[in-house]
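Raw contents of final-v7.cif, mmCIF, C-alpha atoms:
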data_entry
loop_
_atom_site.label_atom_id
_atom_site.label_comp_id
_atom_site.auth_asym_id
_atom_site.auth_seq_id
_atom_site.Cartn_x
_atom_site.Cartn_y
_atom_site.Cartn_z
CA MET N 9 161.02 132.26 141.25
CA LEU N 10 162.39 129.76 143.76
CA ASN N 11 162.28 127.14 140.99
CA TRP N 12 165.49 128.65 139.60
CA LEU N 13 167.22 127.39 142.73
CA LEU N 14 166.43 123.79 141.74
CA ILE N 15 169.73 123.86 139.83
CA PHE N 16 171.46 123.56 143.21
CA VAL N 17 169.99 120.08 143.76
CA PRO N 18 172.29 118.42 141.16
CA VAL N 19 175.06 120.88 142.14
CA ALA N 20 174.94 119.72 145.78
CA ILE N 21 174.84 116.07 144.77
CA GLY N 22 177.69 116.56 142.30
CA LEU N 23 179.87 118.34 144.85
CA GLU N 24 179.21 115.54 147.35
CA PHE N 25 180.56 112.92 144.96
CA LEU N 26 183.20 114.92 143.04
CA MET N 27 184.54 117.25 145.77
CA PRO N 28 183.79 115.54 149.11
CA GLY N 29 186.30 117.73 150.92
CA ALA N 30 184.68 121.03 149.89
CA HIS N 31 182.40 121.08 152.93
CA THR N 32 181.63 124.80 152.88
CA LEU N 33 180.56 124.73 149.22
CA ILE N 34 178.50 121.60 149.78
CA PHE N 35 176.82 123.20 152.80
CA ILE N 36 175.86 126.37 150.88
CA ALA N 37 174.65 124.43 147.82
CA ALA N 38 172.56 122.06 149.95
CA CYS N 39 170.94 124.97 151.84
CA LEU N 40 169.97 126.65 148.56
CA ALA N 41 168.71 123.34 147.14
CA ILE N 42 166.36 122.71 150.07
CA LEU N 43 164.52 126.03 149.63
CA PRO N 44 162.73 125.26 146.31
CA LEU N 45 162.10 121.66 147.39
CA ALA N 46 160.44 122.96 150.54
CA GLY N 47 158.32 125.26 148.39
CA TRP N 48 157.11 122.33 146.29
CA LEU N 49 156.36 120.30 149.41
CA GLY N 50 154.31 123.17 150.81
CA HIS N 51 152.39 123.66 147.57
CA ALA N 52 151.66 119.93 147.28
CA THR N 53 150.41 119.84 150.87
CA GLU N 54 148.13 122.82 150.27
CA GLN N 55 146.68 121.11 147.21
CA LEU N 56 146.21 117.91 149.19
CA THR N 57 144.10 119.74 151.77
CA HIS N 58 141.45 120.28 149.06
CA HIS N 59 140.89 116.52 149.19
CA THR N 60 141.55 115.79 152.89
CA GLY N 61 140.61 118.93 154.85
CA GLU N 62 142.94 121.24 156.76
CA GLY N 63 143.26 119.06 159.87
CA VAL N 64 144.63 116.09 157.92
CA GLY N 65 146.58 118.44 155.64
CA GLY N 66 148.42 120.01 158.56
CA LEU N 67 149.21 116.57 159.96
CA LEU N 68 150.54 115.36 156.61
CA ASN N 69 152.72 118.43 156.19
CA ALA N 70 154.16 118.05 159.69
CA THR N 71 154.79 114.33 159.09
CA PHE N 72 156.52 114.76 155.75
CA GLY N 73 158.39 117.81 157.01
CA ASN N 74 159.78 115.81 159.96
CA ALA N 75 160.87 112.86 157.83
CA ALA N 76 164.31 114.38 157.31
CA GLU N 77 164.85 114.99 161.04
CA LEU N 78 163.85 111.41 161.88
CA ILE N 79 166.14 109.81 159.30
CA ILE N 80 169.07 112.07 160.20
CA ALA N 81 168.56 111.32 163.90
CA ILE N 82 168.50 107.56 163.31
CA MET N 83 171.77 107.81 161.37
CA ALA N 84 173.30 109.79 164.25
CA LEU N 85 172.01 107.21 166.76
CA ARG N 86 173.84 104.43 164.93
CA GLN N 87 177.06 106.38 165.46
CA GLY N 88 176.29 107.06 169.13
CA LEU N 89 175.96 110.84 168.63
CA TYR N 90 173.30 111.24 171.32
CA SER N 91 174.06 114.87 172.19
CA VAL N 92 173.72 115.84 168.51
CA VAL N 93 170.37 114.03 168.30
CA LYS N 94 169.03 115.76 171.41
CA ALA N 95 170.26 119.18 170.26
CA SER N 96 168.55 118.75 166.88
CA LEU N 97 165.32 117.67 168.61
CA THR N 98 165.47 120.76 170.82
CA GLY N 99 166.12 122.97 167.82
CA SER N 100 163.22 121.47 165.89
CA ILE N 101 160.76 122.00 168.76
CA ILE N 102 161.67 125.62 169.47
CA GLY N 103 162.28 126.37 165.78
CA ASN N 104 158.77 125.33 164.77
CA ILE N 105 156.85 127.15 167.50
CA LEU N 106 159.03 130.27 167.58
CA LEU N 107 160.69 130.74 164.19
CA VAL N 108 158.20 129.06 161.85
CA LEU N 109 155.05 130.14 163.69
CA GLY N 110 156.51 133.61 164.36
CA ALA N 111 157.35 134.17 160.70
CA ALA N 112 153.91 132.90 159.65
CA VAL N 113 152.05 135.13 162.12
CA LEU N 114 154.16 138.13 161.10
CA ALA N 115 153.76 137.55 157.35
CA GLY N 116 150.04 136.87 157.65
CA GLY N 117 149.53 139.82 159.97
CA LEU N 118 151.22 142.26 157.62
CA LYS N 119 148.76 141.28 154.88
CA HIS N 120 145.66 140.80 157.06
CA LYS N 121 145.07 143.09 160.05
CA GLN N 122 143.54 140.37 162.24
CA GLN N 123 143.57 136.61 161.63
CA LYS N 124 141.32 134.17 163.45
CA PHE N 125 141.60 130.46 164.21
CA ASN N 126 139.83 127.99 166.49
CA SER N 127 141.06 128.79 169.99
CA THR N 128 139.89 125.47 171.48
CA GLY N 129 141.94 123.44 169.01
CA ALA N 130 144.95 125.71 169.43
CA ARG N 131 144.75 125.46 173.23
CA ALA N 132 144.55 121.67 172.99
CA GLN N 133 147.78 121.63 170.99
CA ALA N 134 149.43 124.12 173.36
CA THR N 135 148.48 121.91 176.33
CA LEU N 136 150.08 118.92 174.65
CA LEU N 137 153.23 121.00 174.15
CA THR N 138 153.19 121.72 177.89
CA LEU N 139 152.95 117.96 178.49
CA ALA N 140 156.02 117.50 176.30
CA ALA N 141 157.92 120.17 178.24
CA ILE N 142 157.03 118.44 181.53
CA ALA N 143 158.23 115.13 180.10
CA LEU N 144 161.63 116.71 179.40
CA VAL N 145 161.87 118.54 182.73
CA MET N 146 161.16 115.48 184.88
CA PRO N 147 164.17 113.36 183.77
CA ALA N 148 166.46 116.34 184.46
CA ALA N 149 164.85 116.79 187.88
CA PHE N 150 165.19 113.06 188.57
CA HIS N 151 168.87 113.23 187.65
CA ALA N 152 169.40 116.05 190.15
CA LEU N 153 167.37 114.43 192.96
CA ALA N 154 168.33 110.75 192.65
CA GLY N 155 172.03 111.34 193.25
CA PRO N 156 174.79 108.90 192.23
CA ASP N 157 172.36 106.10 191.35
CA ALA N 158 170.41 108.21 188.84
CA GLY N 159 172.23 106.90 185.78
CA ILE N 160 171.31 103.29 186.54
CA ARG N 161 167.58 104.01 186.41
CA GLU N 162 167.43 106.74 183.75
CA ASP N 163 167.14 104.33 180.81
CA GLY N 164 164.04 102.69 182.31
CA LEU N 165 162.63 106.08 183.29
CA SER N 166 163.06 107.42 179.75
CA LEU N 167 161.52 104.32 178.21
CA GLY N 168 158.46 104.59 180.46
CA ILE N 169 157.99 108.31 179.73
CA SER N 170 158.39 107.62 176.00
CA CYS N 171 155.54 105.11 176.09
CA VAL N 172 153.31 107.66 177.83
CA LEU N 173 154.17 110.32 175.22
CA LEU N 174 153.41 107.95 172.34
CA ALA N 175 150.05 107.08 173.90
CA ALA N 176 149.25 110.78 174.38
CA TYR N 177 150.09 111.54 170.75
CA GLY N 178 147.97 108.65 169.51
CA LEU N 179 144.99 109.86 171.55
CA HIS N 180 145.58 113.40 170.24
CA LEU N 181 145.19 112.05 166.70
CA VAL N 182 141.90 110.42 167.71
CA PHE N 183 140.80 113.78 169.17
CA SER N 184 141.92 115.98 166.25
CA LEU N 185 140.99 113.67 163.37
CA GLY N 186 138.04 111.85 164.91
CA THR N 187 135.95 112.94 167.86
CA HIS N 188 136.66 116.71 167.60
CA LYS N 189 137.88 117.13 164.05
CA GLN N 190 135.66 120.19 163.56
CA LEU N 191 138.05 122.15 165.81
CA PHE N 192 140.87 121.65 163.31
CA ALA N 193 138.94 121.66 160.03
CA GLY N 194 139.35 125.36 159.21
CA GLU N 195 137.25 127.16 156.63
CA GLY N 196 138.27 124.94 153.74
CA PRO N 197 139.51 126.10 150.31
CA ARG N 198 138.04 129.16 148.61
CA PRO N 199 135.97 128.40 145.47
CA ALA N 200 138.68 129.70 143.14
CA GLU N 201 141.30 127.58 144.90
CA ALA N 202 139.12 124.49 144.85
CA ALA N 203 138.61 124.83 141.12
CA ALA N 204 142.35 125.00 140.55
CA ALA N 205 143.17 122.06 142.83
CA TRP N 206 145.49 119.31 141.64
CA SER N 207 144.25 115.75 141.44
CA LEU N 208 144.80 113.58 144.52
CA LYS N 209 147.34 111.43 142.65
CA ARG N 210 149.38 114.43 141.49
CA SER N 211 149.36 115.94 144.99
CA VAL N 212 150.53 112.71 146.64
CA LEU N 213 153.24 112.02 144.05
CA THR N 214 154.59 115.58 144.25
CA LEU N 215 154.55 115.44 148.05
CA ALA N 216 156.41 112.12 148.09
CA GLY N 217 158.95 113.24 145.49
CA ALA N 218 159.68 116.52 147.28
CA THR N 219 160.05 114.71 150.61
CA LEU N 220 162.49 112.12 149.25
CA SER N 221 164.54 114.87 147.61
CA ILE N 222 164.62 116.89 150.84
CA VAL N 223 165.76 113.82 152.80
CA TRP N 224 168.59 113.18 150.31
CA VAL N 225 169.78 116.78 150.24
CA SER N 226 169.43 117.07 154.03
CA GLU N 227 171.65 114.02 154.46
CA ILE N 228 174.28 115.69 152.27
CA LEU N 229 173.98 118.91 154.24
CA VAL N 230 174.33 117.26 157.66
CA GLY N 231 177.43 115.44 156.45
CA SER N 232 179.11 118.78 155.80
CA VAL N 233 177.56 120.99 158.44
CA GLN N 234 180.10 120.42 161.22
CA GLU N 235 183.12 121.25 159.06
CA ALA N 236 181.35 124.21 157.47
CA ALA N 237 180.20 125.53 160.84
CA ALA N 238 183.75 125.25 162.19
CA ALA N 239 184.91 127.36 159.27
CA PHE N 240 182.28 129.95 160.25
CA GLY N 241 183.31 129.80 163.93
CA MET N 242 180.19 128.06 165.31
CA THR N 243 180.04 125.59 168.23
CA SER N 244 178.49 122.12 168.00
CA VAL N 245 175.72 123.27 170.40
CA PHE N 246 174.74 126.07 168.02
CA ILE N 247 174.99 123.70 165.06
CA GLY N 248 172.57 121.18 166.53
CA VAL N 249 170.02 123.54 168.08
CA ILE N 250 169.96 126.29 165.44
CA VAL N 251 171.66 125.44 162.12
CA VAL N 252 170.54 121.84 161.56
CA ALA N 253 167.06 122.59 162.92
CA VAL N 254 166.54 125.68 160.74
CA VAL N 255 167.48 123.77 157.60
CA GLY N 256 165.41 120.77 158.64
CA ASN N 257 162.40 123.04 159.18
CA ALA N 258 162.63 124.68 155.76
CA ALA N 259 159.63 122.71 154.50
CA GLU N 260 157.38 123.71 157.42
CA HIS N 261 158.64 127.30 157.27
CA SER N 262 157.75 127.73 153.61
CA SER N 263 154.34 126.10 153.95
CA ALA N 264 153.27 127.90 157.12
CA VAL N 265 154.25 131.36 155.86
CA MET N 266 152.64 130.84 152.46
CA LEU N 267 149.36 129.67 153.98
CA ALA N 268 149.29 132.45 156.59
CA MET N 269 149.59 135.04 153.82
CA LYS N 270 146.52 133.43 152.23
CA ASN N 271 144.69 133.93 155.56
CA ARG N 272 144.57 130.20 156.28
CA MET N 273 145.86 130.41 159.85
CA GLU N 274 144.12 127.19 160.89
CA LEU N 275 146.34 125.17 158.60
CA SER N 276 149.39 127.36 159.18
CA MET N 277 149.24 126.88 162.96
CA GLY N 278 148.49 123.20 162.49
CA ILE N 279 151.73 122.84 160.54
CA ALA N 280 153.94 124.82 162.94
CA ILE N 281 152.59 123.59 166.28
CA GLY N 282 151.77 120.14 164.92
CA SER N 283 155.35 119.66 163.76
CA SER N 284 156.70 120.47 167.24
CA LEU N 285 154.15 118.08 168.73
CA GLN N 286 155.33 115.32 166.42
CA ILE N 287 158.96 115.91 167.35
CA ALA N 288 158.26 115.94 171.10
CA LEU N 289 155.56 113.26 171.35
CA LEU N 290 156.41 110.95 168.45
CA VAL N 291 159.93 111.35 167.07
CA ALA N 292 161.79 111.70 170.41
CA PRO N 293 160.02 108.71 172.07
CA LEU N 294 160.51 106.59 168.94
CA LEU N 295 164.23 107.39 168.96
CA VAL N 296 164.46 106.30 172.61
CA ILE N 297 162.81 102.97 171.73
CA VAL N 298 164.79 102.47 168.49
CA SER N 299 168.08 103.18 170.31
CA HIS N 300 167.59 99.94 172.27
CA PHE N 301 168.06 98.07 169.00
CA ILE N 302 170.49 100.07 166.83
CA GLY N 303 172.64 102.25 169.09
CA PRO N 304 175.76 101.40 171.12
CA ARG N 305 173.54 101.93 174.19
CA PRO N 306 169.97 103.17 174.82
CA MET N 307 169.28 106.89 174.49
CA ASP N 308 167.59 108.67 177.41
CA LEU N 309 165.54 111.84 177.70
CA MET N 310 168.19 113.64 179.77
CA PHE N 311 168.46 116.95 177.92
CA THR N 312 170.85 119.65 179.09
CA PRO N 313 169.52 122.43 181.37
CA ALA N 314 169.89 124.97 178.54
CA GLU N 315 167.79 122.82 176.20
CA VAL N 316 165.10 122.17 178.83
CA VAL N 317 164.79 125.87 179.70
CA ALA N 318 164.60 126.84 176.01
CA ILE N 319 161.79 124.34 175.32
CA PHE N 320 159.84 125.30 178.45
CA LEU N 321 159.97 129.06 177.71
CA ALA N 322 159.09 128.52 174.03
CA VAL N 323 156.05 126.47 174.99
CA LEU N 324 155.03 129.11 177.55
CA ILE N 325 154.89 132.05 175.12
CA THR N 326 153.32 129.94 172.36
CA GLY N 327 150.50 128.94 174.71
CA GLN N 328 149.81 132.59 175.51
CA ILE N 329 149.61 133.59 171.85
CA ALA N 330 147.46 130.61 170.84
CA SER N 331 144.93 130.99 173.67
CA ASP N 332 142.69 133.78 172.30
CA GLY N 333 141.98 132.50 168.79
CA GLU N 334 143.35 135.64 167.13
CA SER N 335 146.75 136.71 165.84
CA ASN N 336 148.35 139.87 164.50
CA TRP N 337 151.79 140.86 163.24
CA ILE N 338 153.15 142.08 166.60
CA GLU N 339 152.67 138.59 168.07
CA GLY N 340 154.82 137.22 165.27
CA VAL N 341 157.50 139.77 166.15
CA GLN N 342 157.37 138.63 169.79
CA LEU N 343 157.85 134.96 168.86
CA LEU N 344 160.74 135.81 166.55
CA ALA N 345 162.34 138.01 169.23
CA VAL N 346 162.32 135.12 171.72
CA TYR N 347 163.86 132.82 169.10
CA ILE N 348 166.61 135.32 168.27
CA ILE N 349 167.40 135.74 171.99
CA MET N 350 167.71 131.96 172.35
CA ALA N 351 169.87 131.73 169.23
CA ILE N 352 172.22 134.36 170.67
CA VAL N 353 172.45 132.44 173.96
CA PHE N 354 173.25 129.16 172.20
CA TYR N 355 175.79 130.93 169.98
CA PHE N 356 177.76 132.19 172.97
CA LEU N 357 177.20 129.05 175.07
CA PRO N 358 180.49 127.11 175.30
CA GLU N 359 180.63 123.44 174.34
CA SER N 360 180.17 122.27 177.94
CA GLY N 361 178.08 125.23 179.06
CA GLY N 362 174.72 123.49 178.67
CA GLY N 363 175.53 120.73 181.12
CA VAL N 364 176.15 117.06 180.43
CA ALA N 365 173.72 115.00 178.36
CA ARG N 366 174.39 111.33 177.87
#

Can you turn what I pasted into structure tokens?
Amino acid sequence: MLNWLLIFVPVAIGLEFLMPGAHTLIFIAACLAILPLAGWLGHATEQLTHHTGEGVGGLLNATFGNAAELIIAIMALRQGLYSVVKASLTGSIIGNILLVLGAAVLAGGLKHKQQKFNSTGARAQATLLTLAAIALVMPAAFHALAGPDAGIREDGLSLGISCVLLAAYGLHLVFSLGTHKQLFAGEGPRPAEAAAAWSLKRSVLTLAGATLSIVWVSEILVGSVQEAAAAFGMTSVFIGVIVVAVVGNAAEHSSAVMLAMKNRMELSMGIAIGSSLQIALLVAPLLVIVSHFIGPRPMDLMFTPAEVVAIFLAVLITGQIASDGESNWIEGVQLLAVYIIMAIVFYFLPESGGGVAR
């Protein structure tokens, strides 16, 4: 039924060109347009797993789902909007492991009393998330401890940490897709699903087409989100951490929930946690490196205290839930409750209340 919402794709594009000042209408149309596109992306990824396995399928979904965030962030870097970039990165990390994973665990748990997944693979991903949280805490701690000279050295510090994170992510791919791929393989498709699988070519083309469409519509949405949010009485902090991130995660959200309801928690968790891992260990470090070439000045990893605390606490509760290899609907409620609490805090947080991020 979501396919009926595809009409909002040309509507959003038309409003962007014909009524560029109607930011609220453009924002609403773009949000509605992303929903069916995300559904197609999720369905194409699920079909692709019949040919690649669930480990590679989860990685592909996370990669294509994060394409919009990466492109949007690079565009913001060129304009020197570093605080917006960092807020959207924070929102993507906590949104995937709290909102997306929470909704998936809840939806799957309501349909299946107990769902199982490989606890060793899940713990490995949760440990990497802890590494990412440490990498964001240390620059903030350095800023507080180094005193007046901190700013001079922070660019080099962030560049060094970014290289470590990229190396850790690369080795994680070797671990999850090579030496220990059985931990992330899942049970594979059911016979009925395998028989109905799309061809590899159709899956790839649909995945690529849905991704390109999502990137285009997301670009339109971000161009109108600040004006629309102001009309709704939202702050720029809330926009970056919650609004932009929720819309950017629509693809992962749709895929993870749909797969959890089919009792494919291995792939569902791979999408949700894997997407946060990509943001923290791949996208953020890449943006730091790219900013040395395209931005007015290099971007650092100095996130605000509110953002650092939110990421650390999100990683903490996700690690607890992923450690036992089982999930049920109440754990999904707990993840969603933490996300809602954080959203409320960021909503009431004043523009300068999160501290200063360069």

For this session: Take CA of Thr135 in chain N and CA of Ile279 in chain N and report the distance between them in Å, one decimal.
Result: 16.1 Å

Problem set entry | Exercise: Ala95 in chain N partners within 9 Å, only C-alpha atoms, chain neighbours under 6 positions left out, as a PyMOL selection string | chain N and resi 245-250+253+311-312+315

Contacts between range 111-130 of chain N and range 237-333 of chain N, please, where a residue of range 237-333 of chain N counts if it comes within 8 Å (with only C-alpha atoms); show its shortest atom pair and distance in Å to one decimal, rows by chain and ascending number, as JSON lines.
{"residue": "N:His261", "atom": "CA", "partner": "N:Ala112", "partner_atom": "CA", "distance": 7.7}
{"residue": "N:Ala264", "atom": "CA", "partner": "N:Ala112", "partner_atom": "CA", "distance": 5.6}
{"residue": "N:Val265", "atom": "CA", "partner": "N:Ala112", "partner_atom": "CA", "distance": 4.1}
{"residue": "N:Met266", "atom": "CA", "partner": "N:Ala112", "partner_atom": "CA", "distance": 7.6}
{"residue": "N:Leu267", "atom": "CA", "partner": "N:Ala112", "partner_atom": "CA", "distance": 8.0}
{"residue": "N:Ala268", "atom": "CA", "partner": "N:Gly116", "partner_atom": "CA", "distance": 4.6}
{"residue": "N:Met269", "atom": "CA", "partner": "N:Gly116", "partner_atom": "CA", "distance": 4.3}
{"residue": "N:Lys270", "atom": "CA", "partner": "N:Gly116", "partner_atom": "CA", "distance": 7.3}
{"residue": "N:Asn271", "atom": "CA", "partner": "N:Gly116", "partner_atom": "CA", "distance": 6.5}
{"residue": "N:Met273", "atom": "CA", "partner": "N:Phe125", "partner_atom": "CA", "distance": 6.1}
{"residue": "N:Glu274", "atom": "CA", "partner": "N:Phe125", "partner_atom": "CA", "distance": 5.3}
{"residue": "N:Ser276", "atom": "CA", "partner": "N:Ala112", "partner_atom": "CA", "distance": 7.2}
{"residue": "N:Met277", "atom": "CA", "partner": "N:Ala130", "partner_atom": "CA", "distance": 7.9}
{"residue": "N:Ala330", "atom": "CA", "partner": "N:Ala130", "partner_atom": "CA", "distance": 5.7}
{"residue": "N:Ser331", "atom": "CA", "partner": "N:Ser127", "partner_atom": "CA", "distance": 5.8}
{"residue": "N:Asp332", "atom": "CA", "partner": "N:Ser127", "partner_atom": "CA", "distance": 5.7}
{"residue": "N:Gly333", "atom": "CA", "partner": "N:Ser127", "partner_atom": "CA", "distance": 4.0}

Starting from the shown file, work through the PyMOL selection byres ((chain N and resi 86-91) around 10) and note down what comes out as a PDB file with C-alpha atoms, in the frame of the given file.
ATOM      1  CA  ALA N  81     168.560 111.320 163.900  1.00  0.00           C
ATOM      2  CA  ILE N  82     168.500 107.560 163.310  1.00  0.00           C
ATOM      3  CA  MET N  83     171.770 107.810 161.370  1.00  0.00           C
ATOM      4  CA  ALA N  84     173.300 109.790 164.250  1.00  0.00           C
ATOM      5  CA  LEU N  85     172.010 107.210 166.760  1.00  0.00           C
ATOM      6  CA  VAL N  92     173.720 115.840 168.510  1.00  0.00           C
ATOM      7  CA  VAL N  93     170.370 114.030 168.300  1.00  0.00           C
ATOM      8  CA  LYS N  94     169.030 115.760 171.410  1.00  0.00           C
ATOM      9  CA  ALA N  95     170.260 119.180 170.260  1.00  0.00           C
ATOM     10  CA  SER N  96     168.550 118.750 166.880  1.00  0.00           C
ATOM     11  CA  LEU N  97     165.320 117.670 168.610  1.00  0.00           C
ATOM     12  CA  SER N 244     178.490 122.120 168.000  1.00  0.00           C
ATOM     13  CA  VAL N 245     175.720 123.270 170.400  1.00  0.00           C
ATOM     14  CA  GLY N 248     172.570 121.180 166.530  1.00  0.00           C
ATOM     15  CA  VAL N 298     164.790 102.470 168.490  1.00  0.00           C
ATOM     16  CA  SER N 299     168.080 103.180 170.310  1.00  0.00           C
ATOM     17  CA  PHE N 301     168.060  98.070 169.000  1.00  0.00           C
ATOM     18  CA  ILE N 302     170.490 100.070 166.830  1.00  0.00           C
ATOM     19  CA  GLY N 303     172.640 102.250 169.090  1.00  0.00           C
ATOM     20  CA  PRO N 304     175.760 101.400 171.120  1.00  0.00           C
ATOM     21  CA  ARG N 305     173.540 101.930 174.190  1.00  0.00           C
ATOM     22  CA  PRO N 306     169.970 103.170 174.820  1.00  0.00           C
ATOM     23  CA  MET N 307     169.280 106.890 174.490  1.00  0.00           C
ATOM     24  CA  ASP N 308     167.590 108.670 177.410  1.00  0.00           C
ATOM     25  CA  MET N 310     168.190 113.640 179.770  1.00  0.00           C
ATOM     26  CA  PHE N 311     168.460 116.950 177.920  1.00  0.00           C
ATOM     27  CA  THR N 312     170.850 119.650 179.090  1.00  0.00           C
ATOM     28  CA  VAL N 364     176.150 117.060 180.430  1.00  0.00           C
ATOM     29  CA  ALA N 365     173.720 115.000 178.360  1.00  0.00           C
ATOM     30  CA  ARG N 366     174.390 111.330 177.870  1.00  0.00           C
TER      31      ARG N 366
END

Exercise. When distances are computed from only C-alpha atoms, which of N:Cys39, N:Ile348, N:Ala52, N:Leu294 shows the smallest separation from Thr214 in chain N?
Worked result: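 Nearest candidate to Thr214 in chain N out of N:Cys39, N:Ile348, N:Ala52, N:Leu294: N:Ala52.
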
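When all atoms listed in the file are used to measure the gap to Gly29 in chain N, the shortest distance among N:Leu167, N:Val233, N:Ala314, N:Ile142 belongs to N:Val233.
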
Exercise. Got a sec to resolve the PyMOL selection byres ((chain N and resi 285) around 9) on this structure and send the residues as a PyMOL selection string?
Worked result: chain N and resi 101+133-134+136-137+140+177+280-284+286-290

For this session: Could you please give me, as a PyMOL selection string, the residues of protein, DNA or RNA lying at most 8 Å from (161.3, 126.4, 163.8) in the coordinate frame of the file, considering all atoms listed in the file?
Result: chain N and resi 99-109+253-254+257+260-261+280

N, CA and C atoms restored at range 230-245 of chain N, emitted as an mmCIF file, in the coordinates of the input:
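Written output follows (part.cif):
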data_model
loop_
_atom_site.group_PDB
_atom_site.id
_atom_site.type_symbol
_atom_site.label_atom_id
_atom_site.label_comp_id
_atom_site.auth_asym_id
_atom_site.auth_seq_id
_atom_site.Cartn_x
_atom_site.Cartn_y
_atom_site.Cartn_z
ATOM 1 N N VAL N 230 173.887 117.616 156.311
ATOM 2 C CA VAL N 230 174.330 117.260 157.660
ATOM 3 C C VAL N 230 175.739 116.678 157.626
ATOM 4 N N GLY N 231 176.078 115.989 156.547
ATOM 5 C CA GLY N 231 177.430 115.440 156.450
ATOM 6 C C GLY N 231 178.507 116.504 156.357
ATOM 7 N N SER N 232 178.130 117.710 155.960
ATOM 8 C CA SER N 232 179.110 118.780 155.800
ATOM 9 C C SER N 232 178.952 119.905 156.815
ATOM 10 N N VAL N 233 177.890 119.839 157.620
ATOM 11 C CA VAL N 233 177.560 120.990 158.440
ATOM 12 C C VAL N 233 178.590 121.248 159.537
ATOM 13 N N GLN N 234 179.149 120.203 160.133
ATOM 14 C CA GLN N 234 180.100 120.420 161.220
ATOM 15 C C GLN N 234 181.368 121.100 160.733
ATOM 16 N N GLU N 235 181.908 120.630 159.599
ATOM 17 C CA GLU N 235 183.120 121.250 159.060
ATOM 18 C C GLU N 235 182.843 122.673 158.586
ATOM 19 N N ALA N 236 181.692 122.872 157.945
ATOM 20 C CA ALA N 236 181.350 124.210 157.470
ATOM 21 C C ALA N 236 181.129 125.165 158.638
ATOM 22 N N ALA N 237 180.456 124.684 159.677
ATOM 23 C CA ALA N 237 180.200 125.530 160.840
ATOM 24 C C ALA N 237 181.511 125.895 161.541
ATOM 25 N N ALA N 238 182.450 124.941 161.593
ATOM 26 C CA ALA N 238 183.750 125.250 162.190
ATOM 27 C C ALA N 238 184.455 126.344 161.410
ATOM 28 N N ALA N 239 184.300 126.316 160.095
ATOM 29 C CA ALA N 239 184.910 127.360 159.270
ATOM 30 C C ALA N 239 184.267 128.721 159.534
ATOM 31 N N PHE N 240 182.969 128.703 159.927
ATOM 32 C CA PHE N 240 182.280 129.950 160.250
ATOM 33 C C PHE N 240 182.396 130.323 161.725
ATOM 34 N N GLY N 241 183.104 129.502 162.517
ATOM 35 C CA GLY N 241 183.310 129.800 163.930
ATOM 36 C C GLY N 241 182.132 129.484 164.828
ATOM 37 N N MET N 242 181.347 128.440 164.498
ATOM 38 C CA MET N 242 180.190 128.060 165.310
ATOM 39 C C MET N 242 180.529 126.869 166.185
ATOM 40 N N THR N 243 179.849 126.738 167.353
ATOM 41 C CA THR N 243 180.040 125.590 168.230
ATOM 42 C C THR N 243 179.084 124.467 167.830
ATOM 43 N N SER N 244 179.360 123.252 168.319
ATOM 44 C CA SER N 244 178.490 122.120 168.000
ATOM 45 C C SER N 244 177.107 122.290 168.622
ATOM 46 N N VAL N 245 177.025 122.993 169.779
ATOM 47 C CA VAL N 245 175.720 123.270 170.400
ATOM 48 C C VAL N 245 174.875 124.122 169.469
#
